[in-house]
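Below is start-v2.csv, which holds CSV, C-alpha atoms and all ligand atoms.
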chain,number,residue,atom,x,y,z
A,1,MET,CA,12.7,-0.3,54.4
A,2,PRO,CA,14.6,2.2,52.2
A,3,SER,CA,12.8,3.0,49.0
A,4,PRO,CA,14.6,2.0,45.8
A,5,VAL,CA,16.6,4.7,44.1
A,6,ARG,CA,14.3,6.5,41.7
A,7,GLU,CA,15.4,7.5,38.2
A,8,ASN,CA,15.9,11.2,37.7
A,9,TYR,CA,17.8,12.3,34.5
A,10,ARG,CA,18.8,15.9,35.2
A,11,GLU,CA,20.7,18.2,32.8
A,12,ASP,CA,21.9,21.6,33.8
A,13,VAL,CA,20.9,23.1,30.4
A,14,ALA,CA,18.2,25.6,29.7
A,15,GLY,CA,15.2,23.9,28.2
A,16,ARG,CA,16.0,20.5,29.7
A,17,ALA,CA,14.5,18.8,32.7
A,18,ASN,CA,16.5,19.6,35.9
A,19,VAL,CA,14.2,19.0,38.9
A,20,GLU,CA,16.0,18.3,42.2
A,21,ASP,CA,14.5,15.4,44.3
A,22,THR,CA,12.9,16.5,47.6
A,23,PRO,CA,11.1,14.4,50.1
A,24,GLU,CA,7.8,15.9,49.1
A,25,LEU,CA,8.5,15.2,45.4
A,26,LEU,CA,9.6,11.6,46.1
A,27,ASP,CA,6.3,11.0,48.0
A,28,TYR,CA,4.5,12.5,45.1
A,29,TYR,CA,6.3,10.2,42.6
A,30,ASN,CA,5.3,7.2,44.8
A,31,GLU,CA,1.7,8.3,44.8
A,32,LEU,CA,1.8,8.6,41.0
A,33,GLU,CA,3.3,5.2,40.6
A,34,GLN,CA,0.2,3.6,42.3
A,35,LEU,CA,-1.9,5.0,39.5
A,36,GLU,CA,0.4,3.7,36.7
A,37,VAL,CA,1.6,7.2,35.8
A,38,ALA,CA,4.8,9.1,36.3
A,39,ALA,CA,6.3,12.6,36.1
A,40,LEU,CA,7.8,13.2,32.6
A,41,TRP,CA,10.6,15.5,33.9
A,42,THR,CA,12.3,12.6,35.7
A,43,VAL,CA,12.8,10.7,32.4
A,44,ALA,CA,12.5,13.3,29.7
A,45,ASN,CA,16.2,13.7,29.2
A,46,LYS,CA,16.6,9.9,28.9
A,47,ILE,CA,13.7,9.3,26.4
A,48,GLU,CA,14.5,12.3,24.3
A,49,PRO,CA,18.3,12.3,23.8
A,50,TRP,CA,20.0,15.1,21.9
A,51,GLN,CA,20.8,12.7,19.1
A,52,PRO,CA,20.2,9.0,18.4
A,53,LYS,CA,21.8,6.7,20.9
A,54,SER,CA,22.0,3.2,19.4
A,55,ALA,CA,22.0,0.3,21.8
A,56,SER,CA,23.8,-1.7,19.2
A,57,VAL,CA,27.6,-1.9,19.2
A,58,PRO,CA,29.7,-2.2,16.0
A,59,VAL,CA,30.7,-5.9,15.5
A,60,LEU,CA,32.7,-7.7,13.0
A,61,TRP,CA,31.8,-11.4,12.5
A,62,ARG,CA,34.8,-13.2,10.9
A,63,TYR,CA,33.7,-15.9,8.5
A,64,ARG,CA,36.8,-18.0,9.3
A,65,ASP,CA,35.7,-18.1,12.9
A,66,LEU,CA,32.0,-18.9,12.1
A,67,ARG,CA,32.2,-21.2,9.1
A,68,ASP,CA,33.1,-24.5,10.9
A,69,HIS,CA,30.5,-23.9,13.5
A,70,VAL,CA,27.9,-23.3,10.8
A,71,LEU,CA,28.8,-26.5,9.0
A,72,ARG,CA,28.8,-28.4,12.3
A,73,SER,CA,25.0,-27.7,12.7
A,74,LEU,CA,24.5,-29.9,9.6
A,75,ASP,CA,25.2,-32.9,11.8
A,76,LEU,CA,23.5,-31.6,14.9
A,77,VAL,CA,20.0,-30.6,13.7
A,78,THR,CA,17.7,-31.3,10.7
A,79,PRO,CA,15.8,-28.7,8.8
A,80,GLU,CA,12.6,-30.6,9.7
A,81,LYS,CA,13.3,-30.2,13.4
A,82,ALA,CA,14.9,-26.8,13.3
A,83,GLY,CA,12.6,-25.2,10.8
A,84,ARG,CA,15.5,-23.2,9.6
A,85,ARG,CA,19.1,-24.3,10.4
A,86,VAL,CA,20.6,-20.9,11.2
A,87,ILE,CA,23.3,-19.5,13.4
A,88,TYR,CA,22.2,-15.9,14.0
A,89,LEU,CA,24.3,-12.8,14.6
A,90,ASN,CA,23.6,-11.6,18.2
A,91,ASN,CA,24.7,-8.0,18.8
A,92,PRO,CA,25.8,-7.7,22.4
A,93,GLY,CA,23.6,-4.6,22.8
A,94,ARG,CA,20.5,-6.2,21.1
A,95,ARG,CA,20.3,-9.7,22.6
A,96,ASP,CA,16.9,-9.0,24.0
A,97,VAL,CA,15.5,-8.7,20.5
A,98,ALA,CA,17.9,-11.1,18.7
A,99,ALA,CA,19.0,-8.3,16.4
A,100,ALA,CA,22.3,-8.1,14.5
A,101,VAL,CA,22.0,-4.3,14.6
A,102,GLY,CA,19.2,-1.9,15.3
A,103,TRP,CA,15.9,-3.5,14.2
A,104,LEU,CA,17.6,-5.9,11.7
A,105,TYR,CA,18.1,-9.6,12.2
A,106,SER,CA,20.7,-11.6,10.4
A,107,GLY,CA,22.0,-15.2,10.4
A,108,LEU,CA,24.0,-17.8,8.5
A,109,GLN,CA,21.9,-20.6,7.1
A,110,VAL,CA,23.3,-23.9,5.9
A,111,MET,CA,21.8,-26.7,3.8
A,112,ARG,CA,23.2,-29.8,2.3
A,113,PRO,CA,22.3,-31.2,-1.2
A,114,GLY,CA,18.8,-32.6,-1.4
A,115,GLU,CA,17.5,-30.7,1.7
A,116,VAL,CA,14.6,-28.4,1.5
A,117,ALA,CA,13.1,-26.3,4.2
A,118,SER,CA,9.3,-26.2,4.7
A,119,ALA,CA,7.5,-23.5,2.9
A,120,HIS,CA,6.2,-20.6,5.0
A,121,ALA,CA,5.2,-17.0,5.1
A,122,HIS,CA,5.8,-14.2,7.5
A,123,SER,CA,5.1,-10.5,8.0
A,124,ALA,CA,8.8,-9.8,8.2
A,125,SER,CA,10.5,-9.0,5.0
A,126,ALA,CA,13.5,-11.2,4.2
A,127,LEU,CA,16.5,-11.5,1.9
A,128,ARG,CA,19.3,-14.0,1.3
A,129,PHE,CA,22.8,-13.3,0.1
A,130,ILE,CA,24.6,-16.5,-1.1
A,131,MET,CA,28.0,-17.0,0.4
A,132,GLU,CA,29.2,-20.4,-0.9
A,133,GLY,CA,28.1,-23.7,-2.5
A,134,SER,CA,26.3,-24.6,-5.6
A,135,GLY,CA,22.7,-25.8,-6.3
A,136,ALA,CA,20.9,-23.4,-4.0
A,137,TYR,CA,17.4,-22.3,-5.0
A,138,THR,CA,14.5,-20.3,-3.6
A,139,ASN,CA,10.9,-20.6,-4.5
A,140,VAL,CA,8.8,-17.4,-3.9
A,141,ASP,CA,5.1,-17.8,-4.6
A,142,GLY,CA,5.8,-20.5,-7.2
A,143,HIS,CA,8.7,-18.6,-8.9
A,144,LYS,CA,11.8,-20.8,-8.5
A,145,MET,CA,15.1,-19.1,-8.7
A,146,THR,CA,18.5,-20.7,-9.0
A,147,LEU,CA,21.3,-19.1,-6.9
A,148,GLY,CA,25.0,-18.8,-6.9
A,149,ALA,CA,27.7,-17.0,-4.8
A,150,ASN,CA,27.0,-13.3,-4.3
A,151,ASP,CA,23.5,-13.6,-5.7
A,152,PHE,CA,20.9,-11.8,-3.7
A,153,VAL,CA,17.2,-12.9,-3.5
A,154,LEU,CA,14.1,-11.4,-1.8
A,155,THR,CA,11.5,-13.3,0.1
A,156,PRO,CA,9.1,-10.4,0.8
A,157,ASN,CA,6.6,-9.8,3.5
A,158,GLY,CA,3.6,-12.2,3.0
A,159,THR,CA,5.0,-14.4,0.2
A,160,TRP,CA,5.1,-18.2,0.5
A,161,HIS,CA,8.7,-19.2,0.2
A,162,GLU,CA,11.1,-22.1,0.7
A,163,HIS,CA,14.8,-22.7,0.2
A,164,GLY,CA,16.6,-25.8,-0.8
A,165,VAL,CA,19.7,-27.2,-2.4
A,166,ALA,CA,19.6,-29.4,-5.5
A,167,CYS,CA,20.6,-33.1,-5.1
A,168,ASP,CA,23.6,-32.6,-7.4
A,169,GLY,CA,24.8,-29.4,-5.5
A,170,THR,CA,27.2,-28.9,-2.6
A,171,PRO,CA,26.5,-27.7,0.9
A,172,CYS,CA,25.4,-24.1,0.7
A,173,ILE,CA,25.8,-21.3,3.2
A,174,TRP,CA,24.0,-18.0,2.8
A,175,GLN,CA,23.3,-14.9,4.9
A,176,ASP,CA,19.7,-14.3,5.8
A,177,GLY,CA,18.5,-10.7,6.5
A,178,LEU,CA,15.1,-9.9,8.0
A,179,ASP,CA,13.4,-7.1,9.8
A,180,ILE,CA,12.0,-9.4,12.5
A,181,PRO,CA,12.9,-7.1,15.4
A,182,LEU,CA,11.2,-4.1,13.7
A,183,VAL,CA,8.0,-6.0,12.9
A,184,ASN,CA,7.9,-7.4,16.4
A,185,THR,CA,8.3,-3.9,17.8
A,186,LEU,CA,5.4,-2.8,15.7
A,187,GLU,CA,3.5,-5.8,17.1
A,188,ALA,CA,2.5,-6.8,13.6
A,189,ASN,CA,4.3,-10.1,13.0
A,190,PHE,CA,2.4,-13.2,11.7
A,191,TYR,CA,4.0,-16.5,10.7
A,192,ALA,CA,2.3,-19.3,8.8
A,193,VAL,CA,3.5,-22.8,7.6
A,194,HIS,CA,2.3,-23.7,4.1
A,195,PRO,CA,-0.5,-26.3,4.4
A,196,ASP,CA,1.2,-28.7,2.1
A,197,LEU,CA,4.7,-28.0,3.6
A,198,GLN,CA,6.0,-27.5,0.1
A,199,GLN,CA,4.7,-25.4,-2.8
A,200,SER,CA,4.8,-26.3,-6.4
A,201,VAL,CA,6.8,-24.5,-9.1
A,202,GLY,CA,4.1,-22.5,-11.0
A,203,HIS,CA,6.2,-20.6,-13.5
A,204,PRO,CA,9.3,-21.3,-15.7
A,205,VAL,CA,12.5,-21.4,-13.6
A,206,ASP,CA,14.1,-18.0,-13.3
A,207,ASP,CA,11.1,-16.3,-15.1
A,208,VAL,CA,11.4,-13.2,-12.9
A,209,SER,CA,14.9,-12.5,-14.4
A,210,ALA,CA,13.6,-12.9,-17.9
A,211,ILE,CA,10.6,-10.6,-17.3
A,212,TRP,CA,12.1,-7.9,-15.0
A,213,GLY,CA,15.8,-8.2,-15.3
A,214,ASN,CA,16.4,-6.3,-18.5
A,215,PRO,CA,18.1,-2.9,-17.9
A,216,GLY,CA,16.0,0.0,-19.2
A,217,LEU,CA,13.3,-2.3,-20.5
A,218,ARG,CA,10.0,-3.6,-19.2
A,219,PRO,CA,7.5,-5.8,-20.9
A,220,ALA,CA,4.6,-4.2,-22.7
A,221,THR,CA,2.2,-6.5,-21.0
A,222,GLY,CA,1.6,-7.2,-17.4
A,223,SER,CA,1.7,-4.8,-14.4
A,224,TRP,CA,3.0,-4.8,-10.9
A,225,SER,CA,1.5,-3.0,-7.9
A,226,LYS,CA,2.8,-4.9,-4.9
A,227,GLY,CA,5.1,-3.1,-2.4
A,228,TYR,CA,8.2,-5.1,-3.3
A,229,SER,CA,10.3,-5.7,-6.3
A,230,PRO,CA,9.0,-8.2,-8.9
A,231,LEU,CA,12.6,-9.0,-9.9
A,232,LEU,CA,13.2,-11.0,-6.6
A,233,LYS,CA,16.7,-12.1,-7.7
A,234,TYR,CA,19.7,-9.9,-8.3
A,235,GLU,CA,22.6,-11.8,-9.8
A,236,TRP,CA,26.2,-11.1,-9.0
A,237,ALA,CA,27.7,-11.0,-12.6
A,238,PRO,CA,25.5,-8.1,-13.9
A,239,THR,CA,25.8,-6.3,-10.6
A,240,TYR,CA,29.6,-6.4,-10.6
A,241,ALA,CA,29.7,-5.4,-14.3
A,242,ALA,CA,27.4,-2.4,-13.6
A,243,LEU,CA,29.7,-1.3,-10.8
A,244,GLN,CA,32.8,-1.6,-13.0
A,245,ARG,CA,31.0,0.4,-15.7
A,246,LEU,CA,29.9,3.1,-13.3
A,247,ALA,CA,33.5,3.4,-11.9
A,248,LYS,CA,34.7,4.3,-15.4
A,249,ALA,CA,32.0,7.0,-15.7
A,250,SER,CA,31.8,8.5,-12.3
A,251,ASP,CA,33.9,9.4,-9.3
A,252,GLY,CA,31.2,8.0,-7.1
A,253,SER,CA,30.6,9.1,-3.5
A,254,PRO,CA,33.3,10.4,-1.2
A,255,PHE,CA,31.7,8.3,1.6
A,256,ASP,CA,30.9,5.1,-0.3
A,257,GLY,CA,33.0,4.9,-3.4
A,258,ILE,CA,31.0,3.4,-6.3
A,259,LEU,CA,27.7,2.4,-4.8
A,260,MET,CA,24.6,1.2,-6.6
A,261,ASN,CA,21.3,0.5,-4.9
A,262,TYR,CA,19.3,-2.6,-5.8
A,263,ILE,CA,15.9,-1.3,-6.9
A,264,ASN,CA,12.4,-2.3,-7.7
A,265,PRO,CA,12.4,-2.0,-11.5
A,266,ALA,CA,8.7,-1.2,-11.5
A,267,THR,CA,9.2,1.9,-9.3
A,268,GLY,CA,12.9,2.8,-9.1
A,269,GLY,CA,12.4,2.6,-5.3
A,270,PRO,CA,13.9,0.1,-2.7
A,271,VAL,CA,13.6,-3.6,-3.2
A,272,MET,CA,11.2,-4.0,-0.2
A,273,GLN,CA,9.1,-1.6,1.8
A,274,THR,CA,11.2,-2.0,5.0
A,275,ILE,CA,14.6,-3.1,3.7
A,276,GLY,CA,16.9,-1.5,1.2
A,277,ALA,CA,20.1,-3.1,-0.2
A,278,ALA,CA,23.1,-2.0,-2.2
A,279,MET,CA,26.4,-3.2,-3.5
A,280,GLN,CA,29.4,-0.9,-3.4
A,281,LEU,CA,32.8,-1.1,-5.0
A,282,LEU,CA,36.0,0.4,-3.5
A,283,ARG,CA,38.6,1.0,-6.1
A,284,PRO,CA,42.1,-0.2,-5.6
A,285,GLY,CA,43.7,1.7,-2.7
A,286,GLU,CA,40.5,3.7,-2.2
A,287,ARG,CA,39.8,5.1,1.3
A,288,THR,CA,36.5,6.9,1.8
A,289,LYS,CA,35.7,9.8,4.0
A,290,ALA,CA,33.6,9.4,7.2
A,291,HIS,CA,30.0,10.2,7.6
A,292,ARG,CA,27.1,9.2,9.8
A,293,HIS,CA,23.4,8.9,9.2
A,294,THR,CA,20.3,7.4,10.8
A,295,GLY,CA,19.5,3.9,9.8
A,296,SER,CA,21.1,0.5,10.7
A,297,PHE,CA,23.4,-1.2,8.2
A,298,ILE,CA,24.7,-4.8,7.9
A,299,TYR,CA,27.7,-5.3,5.5
A,300,GLN,CA,29.0,-8.5,3.9
A,301,VAL,CA,32.3,-8.4,2.1
A,302,ALA,CA,31.5,-9.8,-1.3
A,303,LYS,CA,35.0,-9.4,-2.7
A,304,GLY,CA,38.4,-8.3,-1.5
A,305,ARG,CA,39.9,-7.2,1.8
A,306,GLY,CA,40.2,-3.9,3.7
A,307,HIS,CA,39.0,-2.2,6.8
A,308,SER,CA,36.3,0.1,8.1
A,309,ILE,CA,36.5,2.5,11.0
A,310,ILE,CA,33.3,2.7,13.0
A,311,ASP,CA,33.0,5.2,15.8
A,312,GLY,CA,36.8,5.4,16.0
A,313,LYS,CA,37.4,1.6,16.1
A,314,ARG,CA,39.2,-0.1,13.2
A,315,PHE,CA,37.7,-3.4,11.9
A,316,ASP,CA,39.8,-5.3,9.3
A,317,TRP,CA,37.8,-7.5,7.0
A,318,ASN,CA,38.2,-10.2,4.5
A,319,GLU,CA,35.9,-11.8,1.9
A,320,ARG,CA,32.7,-13.1,3.5
A,321,ASP,CA,33.2,-11.3,6.8
A,322,ILE,CA,30.1,-9.5,8.1
A,323,PHE,CA,30.0,-6.3,10.1
A,324,CYS,CA,27.4,-3.8,11.2
A,325,VAL,CA,27.2,0.0,11.5
A,326,PRO,CA,24.7,1.2,14.1
A,327,SER,CA,22.5,4.2,13.5
A,328,TRP,CA,24.3,7.5,13.7
A,329,ALA,CA,27.7,5.9,14.0
A,330,TRP,CA,30.6,7.5,12.1
A,331,HIS,CA,31.9,5.1,9.5
A,332,GLU,CA,34.4,5.0,6.6
A,333,HIS,CA,35.8,2.2,4.5
A,334,ALA,CA,39.2,1.4,2.9
A,335,ASN,CA,40.3,-1.1,0.3
A,336,ALA,CA,43.6,-2.8,1.4
A,337,SER,CA,44.6,-3.8,-2.1
A,338,ALA,CA,46.4,-1.4,-4.5
A,339,ALA,CA,45.6,-3.7,-7.4
A,340,GLU,CA,42.2,-5.3,-6.8
A,341,ASP,CA,38.8,-3.7,-6.1
A,342,ALA,CA,36.7,-4.7,-3.0
A,343,CYS,CA,33.0,-5.0,-2.9
A,344,LEU,CA,30.6,-4.6,0.0
A,345,PHE,CA,27.0,-5.9,0.0
A,346,THR,CA,24.7,-4.0,2.4
A,347,PHE,CA,21.2,-4.2,3.6
A,348,ASN,CA,19.6,-1.6,5.8
A,349,ASP,CA,16.4,0.0,7.1
A,350,LEU,CA,16.7,3.1,5.0
A,351,PRO,CA,13.2,2.7,3.4
A,352,VAL,CA,11.7,3.0,6.9
A,353,MET,CA,13.8,6.0,7.8
A,354,GLN,CA,13.0,7.8,4.6
A,355,ALA,CA,9.3,6.9,4.6
A,356,LEU,CA,8.9,8.2,8.1
A,357,GLY,CA,10.9,11.4,7.5
A,358,LEU,CA,13.6,10.3,9.9
A,359,TYR,CA,16.6,10.2,7.6
A,360,ARG,CA,19.5,12.5,8.5
A,361,GLU,CA,23.1,12.5,7.4
A,362,GLU,CA,26.2,14.3,8.4
A,363,ALA,CA,29.8,14.4,7.1
A,364,PHE,CA,32.8,14.2,9.5
A,365,GLY,CA,34.2,17.7,9.3
A,366,ASP,CA,37.6,17.4,11.0
A,367,ASN,CA,40.8,15.8,10.1
A,368,GLU,CA,40.1,16.0,6.3
A,369,GLY,CA,37.0,13.9,6.8
A,370,GLN,CA,38.7,10.9,8.5
A,371,GLN,CA,38.3,9.7,12.0
A,372,PRO,CA,41.1,9.4,14.4
A,373,VAL,CA,41.4,5.7,15.3
A,374,THR,CA,41.0,5.3,19.0
A,375,ALA,CA,40.6,1.5,19.3
B,1,FE,FE,11.2,-17.1,5.8
B,2,FE,FE,27.1,5.3,5.2

The structure given in the file should be rewritten as structure tokens.
Ligand SMILES: [Fe+2]
Ligand SMILES: [Fe+2]
Amino acid sequence: MPSPVRENYREDVAGRANVEDTPELLDYYNELEQLEVAALWTVANKIEPWQPKSASVPVLWRYRDLRDHVLRSLDLVTPEKAGRRVIYLNNPGRRDVAAAVGWLYSGLQVMRPGEVASAHAHSASALRFIMEGSGAYTNVDGHKMTLGANDFVLTPNGTWHEHGVACDGTPCIWQDGLDIPLVNTLEANFYAVHPDLQQSVGHPVDDVSAIWGNPGLRPATGSWSKGYSPLLKYEWAPTYAALQRLAKASDGSPFDGILMNYINPATGGPVMQTIGAAMQLLRPGERTKAHRHTGSFIYQVAKGRGHSIIDGKRFDWNERDIFCVPSWAWHEHANASAAEDACLFTFNDLPVMQALGLYREEAFGDNEGQQPVTA
């Protein structure tokens, strides 16, 4: 029986593995295999690429294509049966780990008025970005927060949390973002359902905003030492106002326009240990220059319309569309309107990249910093 073709990633470059197969070597490899070992030089060029090679592909998920399907799940499954009623974003290159891009998971969750999901906790860090509807709320460790469109809320690693929609609200759709694929890869994921299925509200509603949501100010009493932001909720109105103020005072970034990171007010660092988030504003008619960096990014169009070019492919987006930029992919953004600004919400794994010393960034040098569009 012919032996299966054996992997051998050769490169004719000094310093790289380039060993020709011979009958003697193939016999040797077979003997090694019996002992659960292998010769590094056959795979070294594969496992140590010259630069990051993302398995993820750039994808744009159009909200107008997804919305009806998301709403349909209201009639098909209950939160009690489903746990969480979510349609998740399944990157064609990352289906094996249910990732939207890289090591990030994302999905669209829908709830109708009066529904509440069971309280639970997990090792994965999570966030929600509200897309539509009124009456949504989240309870994190007894802190209940009311939520409206473009509000962003954290449900950090290890916290008890539950989501619901008030009885006098409307069906709500939001984007979930988690680092489930990362935590699973690290083989560190735990999940627990709250023993009472629901937790009580232990503090005044929206108390985290009153305590931690005052720019440049923090209370004289109380301290915070956990690895995530105590603010938990970041509202749209002050975020948008801050971007507009910054746009009047700064030219911003050539790659991102006016971009502000959501931060932990106790440290100035990212909102959670593994997930960072930002909101950026593209001024009317603005077109950014291209760059690339390590780290995976998921964008949601919070306002406006425009396009992004990702590794030479153009993606036109409208409000509520979601798209991803894989690690080390070239990307640039453009606002299609000459009169209105456009805003992009993003979350990413930059805190991981930076904490591990793996962040690297590069500007696109040719063509005045803009990519030729090839697709
Ligand atoms: Fe959760
Ligand atoms: Fe970027």

Inset, instruction - For a cut-off of 8 Å around (13.9, 17.6, 37.5), file coordinates, pick out all residues using only C-alpha atoms and list them as a list in words. - result: Asn8, Tyr9, Arg10, Ala17, Asn18, Val19, Glu20, Asp21, Trp41 and Thr42 of chain A

Legend entry - Separation of atom CA of Glu361 of chain A from atom CA of Leu232 of chain A in Å: 29.1 Å

Legend entry - Test item: residues lying within 9 Å of ligand FE 1 (chain B) with only C-alpha atoms and all ligand atoms, as an MDAnalysis selection string: chainID A and resid 84 119:122 124:127 155:157 159:163 176 178 191

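Coordinates place atom CA of Asp321 of chain A at a distance of 22.8 Å from atom CA of Val165 of chain A.
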
Close residues, Val208 of chain A itself excluded, 12 Å, only C-alpha atoms, min 3 positions apart in chain, as a PDB file with C-alpha atoms, in the coordinates of the input:
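Once written, part_13.pdb looks like this:
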ATOM      1  CA  ASN A 139      10.900 -20.600  -4.500  1.00  0.00           C
ATOM      2  CA  VAL A 140       8.800 -17.400  -3.900  1.00  0.00           C
ATOM      3  CA  ASP A 141       5.100 -17.800  -4.600  1.00  0.00           C
ATOM      4  CA  GLY A 142       5.800 -20.500  -7.200  1.00  0.00           C
ATOM      5  CA  HIS A 143       8.700 -18.600  -8.900  1.00  0.00           C
ATOM      6  CA  LYS A 144      11.800 -20.800  -8.500  1.00  0.00           C
ATOM      7  CA  MET A 145      15.100 -19.100  -8.700  1.00  0.00           C
ATOM      8  CA  THR A 146      18.500 -20.700  -9.000  1.00  0.00           C
ATOM      9  CA  VAL A 153      17.200 -12.900  -3.500  1.00  0.00           C
ATOM     10  CA  LEU A 154      14.100 -11.400  -1.800  1.00  0.00           C
ATOM     11  CA  GLY A 202       4.100 -22.500 -11.000  1.00  0.00           C
ATOM     12  CA  HIS A 203       6.200 -20.600 -13.500  1.00  0.00           C
ATOM     13  CA  PRO A 204       9.300 -21.300 -15.700  1.00  0.00           C
ATOM     14  CA  VAL A 205      12.500 -21.400 -13.600  1.00  0.00           C
ATOM     15  CA  ILE A 211      10.600 -10.600 -17.300  1.00  0.00           C
ATOM     16  CA  TRP A 212      12.100  -7.900 -15.000  1.00  0.00           C
ATOM     17  CA  GLY A 213      15.800  -8.200 -15.300  1.00  0.00           C
ATOM     18  CA  ASN A 214      16.400  -6.300 -18.500  1.00  0.00           C
ATOM     19  CA  ARG A 218      10.000  -3.600 -19.200  1.00  0.00           C
ATOM     20  CA  PRO A 219       7.500  -5.800 -20.900  1.00  0.00           C
ATOM     21  CA  SER A 229      10.300  -5.700  -6.300  1.00  0.00           C
ATOM     22  CA  PRO A 230       9.000  -8.200  -8.900  1.00  0.00           C
ATOM     23  CA  LEU A 231      12.600  -9.000  -9.900  1.00  0.00           C
ATOM     24  CA  LEU A 232      13.200 -11.000  -6.600  1.00  0.00           C
ATOM     25  CA  LYS A 233      16.700 -12.100  -7.700  1.00  0.00           C
ATOM     26  CA  TYR A 234      19.700  -9.900  -8.300  1.00  0.00           C
ATOM     27  CA  GLU A 235      22.600 -11.800  -9.800  1.00  0.00           C
ATOM     28  CA  PRO A 265      12.400  -2.000 -11.500  1.00  0.00           C
TER      29      PRO A 265
END

Inset, instruction - Write out as number ranges by chain each polymer residue (protein, DNA or RNA) that has an atom no more than 7 Å from ligand FE 2 (chain B), with all atoms listed in the file counted. - result: A: 255-256, 291-293, 331

Output C-alpha atoms for every residue in the selection just made, as a PDB file, in the coordinates of the input.
ATOM      1  CA  PHE A 255      31.700   8.300   1.600  1.00  0.00           C
ATOM      2  CA  ASP A 256      30.900   5.100  -0.300  1.00  0.00           C
ATOM      3  CA  HIS A 291      30.000  10.200   7.600  1.00  0.00           C
ATOM      4  CA  ARG A 292      27.100   9.200   9.800  1.00  0.00           C
ATOM      5  CA  HIS A 293      23.400   8.900   9.200  1.00  0.00           C
ATOM      6  CA  HIS A 331      31.900   5.100   9.500  1.00  0.00           C
TER       7      HIS A 331
END

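Across the structure, atom CA of Glu7 of chain A and atom CA of Lys46 of chain A are spaced 9.7 Å apart.
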
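Considering only C-alpha atoms, the residue among A:Pro92, A:Gly369, A:Gly252, A:Gly295 positioned nearest to Leu281 of chain A is A:Gly252.
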
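Across A:Ile322, A:Pro284, A:Gly304, A:Phe315, the tightest approach to Ala339 of chain A is made by A:Pro284 when counting all atoms listed in the file.
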
Using only C-alpha atoms, find each residue of segment 140-245 of chain A with at least one atom at most 6 Å away from an atom of segment 98-113 of chain A; report its shortest atom-to-atom pair and that distance in Å (one decimal), sort the rows by chain and rising residue number, and return the result as a Markdown table.
| residue | atom | partner | partner_atom | distance |
| --- | --- | --- | --- | --- |
| A:Val165 | CA | A:Pro113 | CA | 4.9 |
| A:Ala166 | CA | A:Pro113 | CA | 5.4 |
| A:Cys167 | CA | A:Pro113 | CA | 4.7 |
| A:Gly169 | CA | A:Pro113 | CA | 5.3 |
| A:Thr170 | CA | A:Pro113 | CA | 5.6 |
| A:Pro171 | CA | A:Arg112 | CA | 4.2 |
| A:Cys172 | CA | A:Met111 | CA | 5.4 |
| A:Ile173 | CA | A:Val110 | CA | 4.5 |
| A:Trp174 | CA | A:Gln109 | CA | 5.4 |
| A:Gln175 | CA | A:Leu108 | CA | 4.7 |
| A:Asp176 | CA | A:Gly107 | CA | 5.2 |
| A:Gly177 | CA | A:Ser106 | CA | 4.6 |
| A:Leu178 | CA | A:Tyr105 | CA | 5.2 |
| A:Asp179 | CA | A:Leu104 | CA | 4.8 |
| A:Pro181 | CA | A:Trp103 | CA | 4.8 |
| A:Leu182 | CA | A:Trp103 | CA | 4.8 |

Using C-alpha atoms, can you export the residues from the last selection as an mmCIF file, in the frame of the given file?
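Writing done, so here's result-v1.cif:
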data_model
loop_
_atom_site.group_PDB
_atom_site.id
_atom_site.type_symbol
_atom_site.label_atom_id
_atom_site.label_comp_id
_atom_site.auth_asym_id
_atom_site.auth_seq_id
_atom_site.Cartn_x
_atom_site.Cartn_y
_atom_site.Cartn_z
ATOM 1 C CA VAL A 165 19.700 -27.200 -2.400
ATOM 2 C CA ALA A 166 19.600 -29.400 -5.500
ATOM 3 C CA CYS A 167 20.600 -33.100 -5.100
ATOM 4 C CA GLY A 169 24.800 -29.400 -5.500
ATOM 5 C CA THR A 170 27.200 -28.900 -2.600
ATOM 6 C CA PRO A 171 26.500 -27.700 0.900
ATOM 7 C CA CYS A 172 25.400 -24.100 0.700
ATOM 8 C CA ILE A 173 25.800 -21.300 3.200
ATOM 9 C CA TRP A 174 24.000 -18.000 2.800
ATOM 10 C CA GLN A 175 23.300 -14.900 4.900
ATOM 11 C CA ASP A 176 19.700 -14.300 5.800
ATOM 12 C CA GLY A 177 18.500 -10.700 6.500
ATOM 13 C CA LEU A 178 15.100 -9.900 8.000
ATOM 14 C CA ASP A 179 13.400 -7.100 9.800
ATOM 15 C CA PRO A 181 12.900 -7.100 15.400
ATOM 16 C CA LEU A 182 11.200 -4.100 13.700
#

In the coordinate frame of the file, compute which residues have an atom within 12 Å of (25.7, 5.3, 22.5) when using all atoms listed in the file, and state them as a compact mmCIF listing (two decimals) with C-alpha atoms, in the frame of the given file.
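Generated file (selection.txt):
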# COMPACT_ATOMS: atom_id res chain seq x y z
CA PRO A 49 18.30 12.30 23.80
CA TRP A 50 20.00 15.10 21.90
CA GLN A 51 20.80 12.70 19.10
CA PRO A 52 20.20 9.00 18.40
CA LYS A 53 21.80 6.70 20.90
CA SER A 54 22.00 3.20 19.40
CA ALA A 55 22.00 0.30 21.80
CA SER A 56 23.80 -1.70 19.20
CA VAL A 57 27.60 -1.90 19.20
CA PRO A 58 29.70 -2.20 16.00
CA GLY A 93 23.60 -4.60 22.80
CA ASP A 311 33.00 5.20 15.80
CA PRO A 326 24.70 1.20 14.10
CA SER A 327 22.50 4.20 13.50
CA TRP A 328 24.30 7.50 13.70
CA ALA A 329 27.70 5.90 14.00
CA TRP A 330 30.60 7.50 12.10

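Distance check against Trp317 of chain A using only C-alpha atoms: of A:Val86, A:Val13, A:Ile47, A:Leu60, the minimum falls on A:Leu60.
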